[in-house]
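One file, target_8.csv, carrying CSV, N, CA and C atoms and all ligand atoms:
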chain,number,residue,atom,x,y,z
Z,185,MET,N,0.8,-1.2,0.0
Z,185,MET,CA,0.0,0.0,0.0
Z,185,MET,C,0.9,1.3,0.0
Z,186,ASP,N,0.4,2.3,-0.7
Z,186,ASP,CA,1.1,3.6,-0.7
Z,186,ASP,C,1.2,4.1,0.7
Z,187,PRO,N,2.5,4.3,1.2
Z,187,PRO,CA,2.6,4.8,2.6
Z,187,PRO,C,1.9,6.1,2.9
Z,188,VAL,N,1.7,6.9,1.9
Z,188,VAL,CA,1.0,8.2,2.2
Z,188,VAL,C,-0.5,7.8,2.5
Z,189,ALA,N,-1.1,6.9,1.7
Z,189,ALA,CA,-2.4,6.5,1.9
Z,189,ALA,C,-2.5,5.8,3.3
Z,190,GLU,N,-1.5,5.0,3.6
Z,190,GLU,CA,-1.5,4.2,4.8
Z,190,GLU,C,-1.5,5.2,6.0
Z,191,SER,N,-0.7,6.3,5.9
Z,191,SER,CA,-0.7,7.2,7.0
Z,191,SER,C,-2.0,8.0,7.2
Z,192,LEU,N,-2.7,8.2,6.0
Z,192,LEU,CA,-4.0,8.9,6.1
Z,192,LEU,C,-5.1,8.0,6.7
Z,193,ASP,N,-5.0,6.7,6.3
Z,193,ASP,CA,-5.9,5.8,6.9
Z,193,ASP,C,-5.7,5.7,8.4
Z,194,LEU,N,-4.5,5.7,8.9
Z,194,LEU,CA,-4.2,5.6,10.3
Z,194,LEU,C,-4.7,6.9,11.0
Z,195,LEU,N,-4.5,8.0,10.3
Z,195,LEU,CA,-5.0,9.3,10.9
Z,195,LEU,C,-6.5,9.2,11.1
Z,196,ALA,N,-7.2,8.8,10.1
Z,196,ALA,CA,-8.6,8.7,10.1
Z,196,ALA,C,-9.1,7.8,11.2
Z,197,ALA,N,-8.4,6.7,11.3
Z,197,ALA,CA,-8.8,5.7,12.4
Z,197,ALA,C,-8.6,6.3,13.8
Z,198,ARG,N,-7.5,7.1,13.9
Z,198,ARG,CA,-7.2,7.6,15.3
Z,198,ARG,C,-8.0,8.9,15.6
Z,199,CYS,N,-8.2,9.7,14.6
Z,199,CYS,CA,-8.8,11.1,14.8
Z,199,CYS,C,-10.1,11.3,14.1
Z,200,GLY,N,-10.6,10.4,13.3
Z,200,GLY,CA,-11.8,10.7,12.5
Z,200,GLY,C,-11.5,11.8,11.5
Z,201,ASP,N,-12.4,12.7,11.4
Z,201,ASP,CA,-12.3,13.8,10.4
Z,201,ASP,C,-11.0,14.7,10.8
Z,202,PRO,N,-10.1,14.7,9.9
Z,202,PRO,CA,-8.9,15.5,10.2
Z,202,PRO,C,-9.0,17.0,10.1
Z,203,ALA,N,-10.1,17.5,9.5
Z,203,ALA,CA,-10.3,18.9,9.2
Z,203,ALA,C,-10.0,19.8,10.5
Z,204,PRO,N,-10.7,19.5,11.6
Z,204,PRO,CA,-10.5,20.4,12.8
Z,204,PRO,C,-9.0,20.5,13.2
Z,205,LEU,N,-8.3,19.4,13.1
Z,205,LEU,CA,-6.9,19.3,13.5
Z,205,LEU,C,-6.0,20.1,12.5
Z,206,VAL,N,-6.3,19.9,11.3
Z,206,VAL,CA,-5.5,20.6,10.2
Z,206,VAL,C,-5.7,22.1,10.3
Z,207,TYR,N,-7.0,22.6,10.4
Z,207,TYR,CA,-7.2,24.0,10.4
Z,207,TYR,C,-6.7,24.6,11.8
Z,208,ALA,N,-6.9,23.9,12.9
Z,208,ALA,CA,-6.3,24.4,14.1
Z,208,ALA,C,-4.8,24.7,14.0
Z,209,THR,N,-4.1,23.7,13.4
Z,209,THR,CA,-2.7,23.9,13.2
Z,209,THR,C,-2.4,25.0,12.2
Z,210,LEU,N,-3.1,25.1,11.1
Z,210,LEU,CA,-2.9,26.2,10.2
Z,210,LEU,C,-3.1,27.6,10.9
Z,211,PHE,N,-4.2,27.7,11.7
Z,211,PHE,CA,-4.4,29.0,12.3
Z,211,PHE,C,-3.5,29.3,13.5
Z,212,ALA,N,-3.0,28.2,14.1
Z,212,ALA,CA,-2.0,28.4,15.2
Z,212,ALA,C,-0.7,28.9,14.6
Z,213,ARG,N,-0.3,28.3,13.5
Z,213,ARG,CA,1.0,28.7,12.8
Z,213,ARG,C,0.9,30.0,12.1
Z,214,HIS,N,-0.3,30.3,11.5
Z,214,HIS,CA,-0.5,31.4,10.6
Z,214,HIS,C,-1.8,32.1,11.0
Z,215,PRO,N,-1.8,32.8,12.1
Z,215,PRO,CA,-3.1,33.5,12.5
Z,215,PRO,C,-3.7,34.3,11.4
Z,216,GLU,N,-2.9,34.9,10.6
Z,216,GLU,CA,-3.4,35.7,9.5
Z,216,GLU,C,-4.3,34.9,8.5
Z,217,ALA,N,-4.0,33.6,8.4
Z,217,ALA,CA,-4.8,32.8,7.5
Z,217,ALA,C,-6.3,32.7,7.8
Z,218,ALA,N,-6.6,32.9,9.1
Z,218,ALA,CA,-8.0,32.8,9.5
Z,218,ALA,C,-8.9,33.8,8.8
Z,219,ALA,N,-8.3,35.0,8.6
Z,219,ALA,CA,-9.1,36.1,8.0
Z,219,ALA,C,-9.7,35.7,6.6
Z,220,HIS,N,-8.9,34.8,5.9
Z,220,HIS,CA,-9.4,34.4,4.6
Z,220,HIS,C,-10.7,33.5,4.6
Z,221,PHE,N,-10.9,32.9,5.8
Z,221,PHE,CA,-12.0,32.0,5.9
Z,221,PHE,C,-13.2,32.6,6.7
Z,222,LEU,N,-13.2,33.9,6.9
Z,222,LEU,CA,-14.3,34.6,7.7
Z,222,LEU,C,-15.6,34.4,7.0
Z,223,MET,N,-15.7,34.2,5.7
Z,223,MET,CA,-16.9,34.0,5.0
Z,223,MET,C,-17.4,32.6,5.1
Z,224,ASP,N,-16.7,31.7,5.8
Z,224,ASP,CA,-16.9,30.3,5.8
Z,224,ASP,C,-17.2,29.8,7.3
Z,225,PRO,N,-18.2,30.4,7.9
Z,225,PRO,CA,-18.4,30.0,9.4
Z,225,PRO,C,-18.7,28.6,9.6
Z,226,GLY,N,-19.4,27.9,8.6
Z,226,GLY,CA,-19.8,26.5,8.8
Z,226,GLY,C,-18.7,25.6,8.4
Z,227,GLY,N,-17.6,26.1,7.9
Z,227,GLY,CA,-16.5,25.3,7.5
Z,227,GLY,C,-16.6,24.5,6.2
Z,228,HIS,N,-17.6,24.8,5.4
Z,228,HIS,CA,-17.8,24.1,4.2
Z,228,HIS,C,-16.6,24.2,3.2
Z,229,VAL,N,-16.1,25.4,3.0
Z,229,VAL,CA,-15.0,25.6,2.1
Z,229,VAL,C,-13.8,24.8,2.6
Z,230,ARG,N,-13.6,25.0,4.0
Z,230,ARG,CA,-12.4,24.3,4.6
Z,230,ARG,C,-12.5,22.8,4.4
Z,231,GLY,N,-13.7,22.2,4.6
Z,231,GLY,CA,-13.8,20.8,4.4
Z,231,GLY,C,-13.6,20.3,3.0
Z,232,GLN,N,-14.2,21.2,2.1
Z,232,GLN,CA,-14.0,20.9,0.6
Z,232,GLN,C,-12.6,21.0,0.2
Z,233,MET,N,-11.9,22.0,0.6
Z,233,MET,CA,-10.5,22.3,0.2
Z,233,MET,C,-9.7,21.1,0.7
Z,234,LEU,N,-9.9,20.7,1.9
Z,234,LEU,CA,-9.0,19.6,2.4
Z,234,LEU,C,-9.4,18.3,1.7
Z,235,ALA,N,-10.7,18.0,1.5
Z,235,ALA,CA,-11.1,16.8,0.8
Z,235,ALA,C,-10.4,16.7,-0.6
Z,236,VAL,N,-10.4,17.8,-1.3
Z,236,VAL,CA,-9.8,17.9,-2.7
Z,236,VAL,C,-8.3,17.7,-2.6
Z,237,ALA,N,-7.7,18.3,-1.6
Z,237,ALA,CA,-6.2,18.2,-1.5
Z,237,ALA,C,-5.9,16.7,-1.1
Z,238,LEU,N,-6.6,16.1,-0.2
Z,238,LEU,CA,-6.3,14.7,0.2
Z,238,LEU,C,-6.6,13.7,-0.9
Z,239,GLU,N,-7.6,14.0,-1.7
Z,239,GLU,CA,-7.9,13.1,-2.9
Z,239,GLU,C,-6.7,13.1,-3.9
Z,240,ALA,N,-6.2,14.4,-4.1
Z,240,ALA,CA,-5.1,14.5,-5.1
Z,240,ALA,C,-3.9,13.9,-4.5
Z,241,LEU,N,-3.7,14.0,-3.2
Z,241,LEU,CA,-2.5,13.4,-2.6
Z,241,LEU,C,-2.5,11.9,-2.8
Z,242,LEU,N,-3.7,11.3,-2.6
Z,242,LEU,CA,-3.8,9.9,-2.8
Z,242,LEU,C,-3.7,9.4,-4.2
Z,243,ASP,N,-4.1,10.3,-5.1
Z,243,ASP,CA,-3.9,9.9,-6.6
Z,243,ASP,C,-2.5,9.9,-7.0
Z,244,GLY,N,-1.6,10.7,-6.3
Z,244,GLY,CA,-0.2,10.6,-6.6
Z,244,GLY,C,0.4,12.0,-7.1
Z,245,GLY,N,1.7,12.0,-7.3
Z,245,GLY,CA,2.4,13.2,-7.6
Z,245,GLY,C,1.9,14.0,-8.7
Z,246,ALA,N,1.6,13.4,-9.9
Z,246,ALA,CA,1.3,14.1,-11.1
Z,246,ALA,C,0.0,14.8,-10.9
Z,247,ARG,N,-1.0,14.1,-10.4
Z,247,ARG,CA,-2.4,14.7,-10.2
Z,247,ARG,C,-2.3,15.8,-9.2
Z,248,LEU,N,-1.5,15.6,-8.2
Z,248,LEU,CA,-1.3,16.6,-7.1
Z,248,LEU,C,-0.6,17.9,-7.7
Z,249,ALA,N,0.4,17.7,-8.5
Z,249,ALA,CA,1.1,18.8,-9.1
Z,249,ALA,C,0.2,19.6,-10.0
Z,250,GLY,N,-0.7,19.0,-10.7
Z,250,GLY,CA,-1.7,19.6,-11.5
Z,250,GLY,C,-2.6,20.5,-10.7
Z,251,LEU,N,-3.2,19.9,-9.7
Z,251,LEU,CA,-4.1,20.6,-8.8
Z,251,LEU,C,-3.4,21.9,-8.2
Z,252,VAL,N,-2.2,21.7,-7.7
Z,252,VAL,CA,-1.5,22.7,-7.0
Z,252,VAL,C,-1.2,23.9,-8.0
Z,253,ALA,N,-0.8,23.5,-9.2
Z,253,ALA,CA,-0.5,24.5,-10.2
Z,253,ALA,C,-1.7,25.4,-10.5
Z,254,ILE,N,-2.9,24.8,-10.6
Z,254,ILE,CA,-4.1,25.6,-10.8
Z,254,ILE,C,-4.5,26.4,-9.6
Z,255,GLU,N,-4.5,25.7,-8.4
Z,255,GLU,CA,-5.0,26.4,-7.2
Z,255,GLU,C,-4.0,27.5,-6.8
Z,256,ARG,N,-2.7,27.4,-7.1
Z,256,ARG,CA,-1.8,28.4,-6.7
Z,256,ARG,C,-2.3,29.8,-7.3
Z,257,LEU,N,-2.7,29.8,-8.6
Z,257,LEU,CA,-3.2,31.0,-9.2
Z,257,LEU,C,-4.5,31.4,-8.5
Z,258,ASN,N,-5.5,30.5,-8.3
Z,258,ASN,CA,-6.7,30.9,-7.7
Z,258,ASN,C,-6.4,31.5,-6.3
Z,259,HIS,N,-5.5,31.0,-5.6
Z,259,HIS,CA,-5.2,31.5,-4.2
Z,259,HIS,C,-4.5,32.8,-4.3
Z,260,VAL,N,-3.6,33.0,-5.2
Z,260,VAL,CA,-3.0,34.3,-5.4
Z,260,VAL,C,-4.1,35.3,-5.6
Z,261,ASN,N,-5.0,35.0,-6.4
Z,261,ASN,CA,-6.1,35.9,-6.8
Z,261,ASN,C,-7.0,36.3,-5.6
Z,262,ILE,N,-7.1,35.4,-4.6
Z,262,ILE,CA,-7.9,35.7,-3.4
Z,262,ILE,C,-7.0,36.2,-2.3
Z,263,GLY,N,-5.7,36.4,-2.6
Z,263,GLY,CA,-4.8,37.1,-1.6
Z,263,GLY,C,-4.1,36.2,-0.7
Z,264,VAL,N,-4.0,34.9,-1.0
Z,264,VAL,CA,-3.2,34.0,-0.1
Z,264,VAL,C,-1.8,34.0,-0.6
Z,265,PRO,N,-0.9,34.4,0.3
Z,265,PRO,CA,0.5,34.5,-0.2
Z,265,PRO,C,1.0,33.1,-0.6
Z,266,GLU,N,1.9,33.1,-1.6
Z,266,GLU,CA,2.4,31.8,-2.1
Z,266,GLU,C,3.1,31.0,-1.1
Z,267,ALA,N,3.9,31.7,-0.2
Z,267,ALA,CA,4.6,30.9,0.8
Z,267,ALA,C,3.6,30.2,1.8
Z,268,LEU,N,2.5,30.9,2.1
Z,268,LEU,CA,1.5,30.2,2.9
Z,268,LEU,C,0.9,29.1,2.2
Z,269,PHE,N,0.5,29.3,0.9
Z,269,PHE,CA,0.0,28.2,0.1
Z,269,PHE,C,0.9,27.0,0.0
Z,270,ASP,N,2.2,27.3,-0.3
Z,270,ASP,CA,3.2,26.2,-0.4
Z,270,ASP,C,3.4,25.5,0.9
Z,271,GLY,N,3.1,26.1,2.0
Z,271,GLY,CA,3.4,25.5,3.3
Z,271,GLY,C,2.3,24.5,3.7
Z,272,PHE,N,1.2,24.4,2.9
Z,272,PHE,CA,0.0,23.7,3.3
Z,272,PHE,C,0.3,22.2,3.3
Z,273,LEU,N,1.0,21.7,2.3
Z,273,LEU,CA,1.2,20.2,2.3
Z,273,LEU,C,2.2,19.8,3.4
Z,274,PRO,N,3.3,20.6,3.6
Z,274,PRO,CA,4.2,20.2,4.7
Z,274,PRO,C,3.5,20.3,6.0
Z,275,LEU,N,2.5,21.2,6.2
Z,275,LEU,CA,1.7,21.3,7.4
Z,275,LEU,C,0.9,20.1,7.6
Z,276,LEU,N,0.3,19.7,6.5
Z,276,LEU,CA,-0.5,18.4,6.5
Z,276,LEU,C,0.3,17.2,6.9
Z,277,ARG,N,1.5,17.1,6.3
Z,277,ARG,CA,2.4,16.1,6.7
Z,277,ARG,C,2.8,16.1,8.2
Z,278,ASP,N,3.0,17.3,8.7
Z,278,ASP,CA,3.3,17.5,10.1
Z,278,ASP,C,2.2,17.0,11.0
Z,279,VAL,N,1.0,17.4,10.6
Z,279,VAL,CA,-0.2,17.0,11.4
Z,279,VAL,C,-0.3,15.5,11.5
Z,280,VAL,N,-0.2,14.9,10.3
Z,280,VAL,CA,-0.3,13.4,10.3
Z,280,VAL,C,0.8,12.8,11.1
Z,281,ARG,N,2.0,13.2,10.9
Z,281,ARG,CA,3.2,12.7,11.6
Z,281,ARG,C,3.0,12.8,13.1
Z,282,ASP,N,2.6,14.0,13.6
Z,282,ASP,CA,2.4,14.2,15.0
Z,282,ASP,C,1.3,13.3,15.6
Z,283,ALA,N,0.2,13.1,14.8
Z,283,ALA,CA,-0.9,12.3,15.3
Z,283,ALA,C,-0.5,10.8,15.3
Z,284,LEU,N,0.3,10.4,14.4
Z,284,LEU,CA,0.7,9.0,14.3
Z,284,LEU,C,1.7,8.6,15.4
Z,285,GLY,N,2.6,9.6,15.7
Z,285,GLY,CA,3.6,9.3,16.7
Z,285,GLY,C,4.5,8.1,16.3
Z,286,GLU,N,4.5,7.1,17.2
Z,286,GLU,CA,5.3,5.9,17.0
Z,286,GLU,C,5.0,5.1,15.7
Z,287,ALA,N,3.7,5.3,15.2
Z,287,ALA,CA,3.3,4.5,14.0
Z,287,ALA,C,3.8,5.1,12.7
Z,288,TRP,N,4.4,6.3,12.8
Z,288,TRP,CA,4.9,7.0,11.6
Z,288,TRP,C,6.2,6.2,11.2
Z,289,THR,N,6.3,5.9,9.9
Z,289,THR,CA,7.4,5.1,9.4
Z,289,THR,C,8.3,5.8,8.5
Z,290,PRO,N,9.6,5.4,8.3
Z,290,PRO,CA,10.5,6.0,7.3
Z,290,PRO,C,9.8,6.0,5.9
Z,291,ALA,N,9.1,4.9,5.6
Z,291,ALA,CA,8.4,4.9,4.2
Z,291,ALA,C,7.4,6.0,4.1
Z,292,MET,N,6.7,6.3,5.2
Z,292,MET,CA,5.7,7.4,5.2
Z,292,MET,C,6.5,8.7,5.0
Z,293,GLU,N,7.6,8.9,5.7
Z,293,GLU,CA,8.4,10.1,5.6
Z,293,GLU,C,8.8,10.3,4.1
Z,294,ALA,N,9.3,9.2,3.5
Z,294,ALA,CA,9.8,9.3,2.1
Z,294,ALA,C,8.6,9.6,1.2
Z,295,GLY,N,7.5,8.9,1.4
Z,295,GLY,CA,6.4,9.1,0.5
Z,295,GLY,C,5.8,10.5,0.5
Z,296,TRP,N,5.7,11.1,1.7
Z,296,TRP,CA,5.3,12.5,1.8
Z,296,TRP,C,6.3,13.4,1.2
Z,297,ALA,N,7.6,13.1,1.4
Z,297,ALA,CA,8.6,14.0,0.9
Z,297,ALA,C,8.5,14.0,-0.7
Z,298,ALA,N,8.3,12.8,-1.2
Z,298,ALA,CA,8.2,12.7,-2.7
Z,298,ALA,C,7.0,13.5,-3.2
Z,299,ARG,N,5.8,13.4,-2.5
Z,299,ARG,CA,4.6,14.2,-3.0
Z,299,ARG,C,4.9,15.7,-2.9
Z,300,ILE,N,5.5,16.1,-1.8
Z,300,ILE,CA,5.8,17.5,-1.6
Z,300,ILE,C,6.8,18.0,-2.6
Z,301,ALA,N,7.8,17.2,-3.0
Z,301,ALA,CA,8.8,17.6,-4.0
Z,301,ALA,C,8.1,17.6,-5.4
Z,302,ALA,N,7.2,16.7,-5.6
Z,302,ALA,CA,6.5,16.7,-6.9
Z,302,ALA,C,5.7,18.1,-7.2
Z,303,VAL,N,5.2,18.6,-6.1
Z,303,VAL,CA,4.5,19.9,-6.2
Z,303,VAL,C,5.4,21.0,-6.4
Z,304,ALA,N,6.6,21.0,-5.7
Z,304,ALA,CA,7.5,22.1,-5.8
Z,304,ALA,C,8.1,22.2,-7.2
Z,305,GLY,N,8.2,21.0,-7.9
Z,305,GLY,CA,8.9,21.0,-9.2
Z,305,GLY,C,8.2,21.7,-10.3
I,401,LIG,C1,-1.8,22.7,-1.3
I,401,LIG,C2,-2.4,23.8,-0.9
I,401,LIG,C3,-3.9,24.1,-1.2
I,401,LIG,C4,-4.8,23.5,-2.1
I,401,LIG,C5,-4.5,22.4,-3.0
I,401,LIG,C6,-6.0,24.2,-1.9
I,401,LIG,C7,-7.2,23.9,-2.6
I,401,LIG,C8,-8.4,24.6,-2.6
I,401,LIG,C9,-9.6,24.3,-3.3
I,401,LIG,C10,-9.8,23.1,-4.2
I,401,LIG,C11,-10.5,25.2,-2.9
I,401,LIG,C12,-12.0,25.3,-3.4
I,401,LIG,C13,-12.8,24.6,-2.3
I,401,LIG,C14,-14.3,24.6,-2.7
I,401,LIG,O1,-14.7,24.0,-3.7
I,401,LIG,O2,-15.1,25.2,-2.0
I,401,LIG,C15,-9.9,26.1,-2.0
I,401,LIG,C16,-10.5,27.2,-1.5
I,401,LIG,C17,-10.0,28.1,-0.6
I,401,LIG,N1,-8.7,28.0,-0.1
I,401,LIG,FE1,-7.3,26.6,-0.5
I,401,LIG,N2,-5.9,25.2,-1.0
I,401,LIG,C18,-4.6,25.2,-0.5
I,401,LIG,C19,-4.1,26.0,0.4
I,401,LIG,C20,-4.7,27.1,1.1
I,401,LIG,C21,-4.1,27.9,2.1
I,401,LIG,C22,-2.8,27.6,2.8
I,401,LIG,C23,-5.1,28.8,2.5
I,401,LIG,C24,-4.9,29.8,3.6
I,401,LIG,C25,-5.5,30.9,3.7
I,401,LIG,C26,-6.2,28.6,1.6
I,401,LIG,C27,-7.4,29.3,1.6
I,401,LIG,C28,-8.5,29.1,0.8
I,401,LIG,C29,-9.7,29.9,0.8
I,401,LIG,C30,-10.0,31.1,1.7
I,401,LIG,C31,-10.6,29.3,0.0
I,401,LIG,C32,-12.0,29.8,-0.4
I,401,LIG,C33,-12.0,30.6,-1.7
I,401,LIG,C34,-13.3,31.1,-2.1
I,401,LIG,O3,-14.3,30.3,-2.1
I,401,LIG,O4,-13.4,32.3,-2.4
I,401,LIG,N3,-6.0,27.5,0.8
I,401,LIG,N4,-8.6,25.8,-1.8
Write the structure described by the file as structure tokens, please.
Amino acid sequence: MDPVAESLDLLAARCGDPAPLVYATLFARHPEAAAHFLMDPGGHVRGQMLAVALEALLDGGARLAGLVAIERLNHVNIGVPEALFDGFLPLLRDVVRDALGEAWTPAMEAGWAARIAAVAG
């Protein structure tokens, strides 16, 4: 099994919906990011954005790179700085790694690093 998928399965088994954890981490690291979601009190956009990102992550590097290339422009247009945008996948990786603790493996580390590198390329 793809170690990235495995890590996300384990996260879901341990924490259920990862969205609250992911956005709590995003807003803790980047308080200014919260302002972009003021129009989303019910969290629909947040849930949708994470679902799309996770689906692309599971599909693999090429699909993910395509999504990120398109979304980078969309996000620049709504005022999300590129550095913040680019930090989102590493942040996701950190959330999963922290939640998994001892269950995090070197294969997961390598798998996530490859996905993140595919996006940067
Ligand atoms: C890999 C990085 C990211 C990807 C792939 C991504 C993807 C997406 C997608 C697919 C949507 C549309 C969701 C929908 O259908 O409702 C969206 C919306 C949004 N994203 Fe992201 N996103 C990323 C990072 C970020 C970051 C770091 C922020 C921080 C501020 C952010 C802020 C937003 C906001 C505010 C919207 C709503 C835009 C609107 O409806 O006007 N995104 N994102």
Expected answer as a PyMOL selection string: residues within 7 Å of ligand LIG 401 (chain I), all atoms listed in the file: chain Z and resi 216-222+228-234+236-237+251-252+255-256+259+262+264-265+267-273
Need to verify the contact set: Glu293 (chain Z), 10 Å, only C-alpha atoms, exclusion of same-chain residues closer than 2 positions in sequence. Can you return it as a list in words?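 That gives Pro187, Val188, Ser191, Arg277, Arg281, Trp288, Thr289, Pro290, Ala291, Gly295, Trp296, Ala297 and Ala298 of chain Z.
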Using only N, CA and C atoms, which residue out of Z:Gly227, Z:Ala287, Z:Ala208, Z:Ala302 lies closest to Ala246 (chain Z)? Z:Ala302
Take CA of Glu266 (chain Z) and CA of Met292 (chain Z) and report the distance between them in Å, one decimal. 25.7 Å
Atom pair CA of Gly250 (chain Z) / CA of Leu276 (chain Z): separation (Å):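 Answer for the CA of Gly250 (chain Z) to CA of Leu276 (chain Z) separation: 18.1 Å.
Nearest residue to Ile254 (chain Z), choosing from Z:Leu275, Z:Leu195, Z:Ala189, Z:Val303 and counting only C-alpha atoms: Z:Val303.
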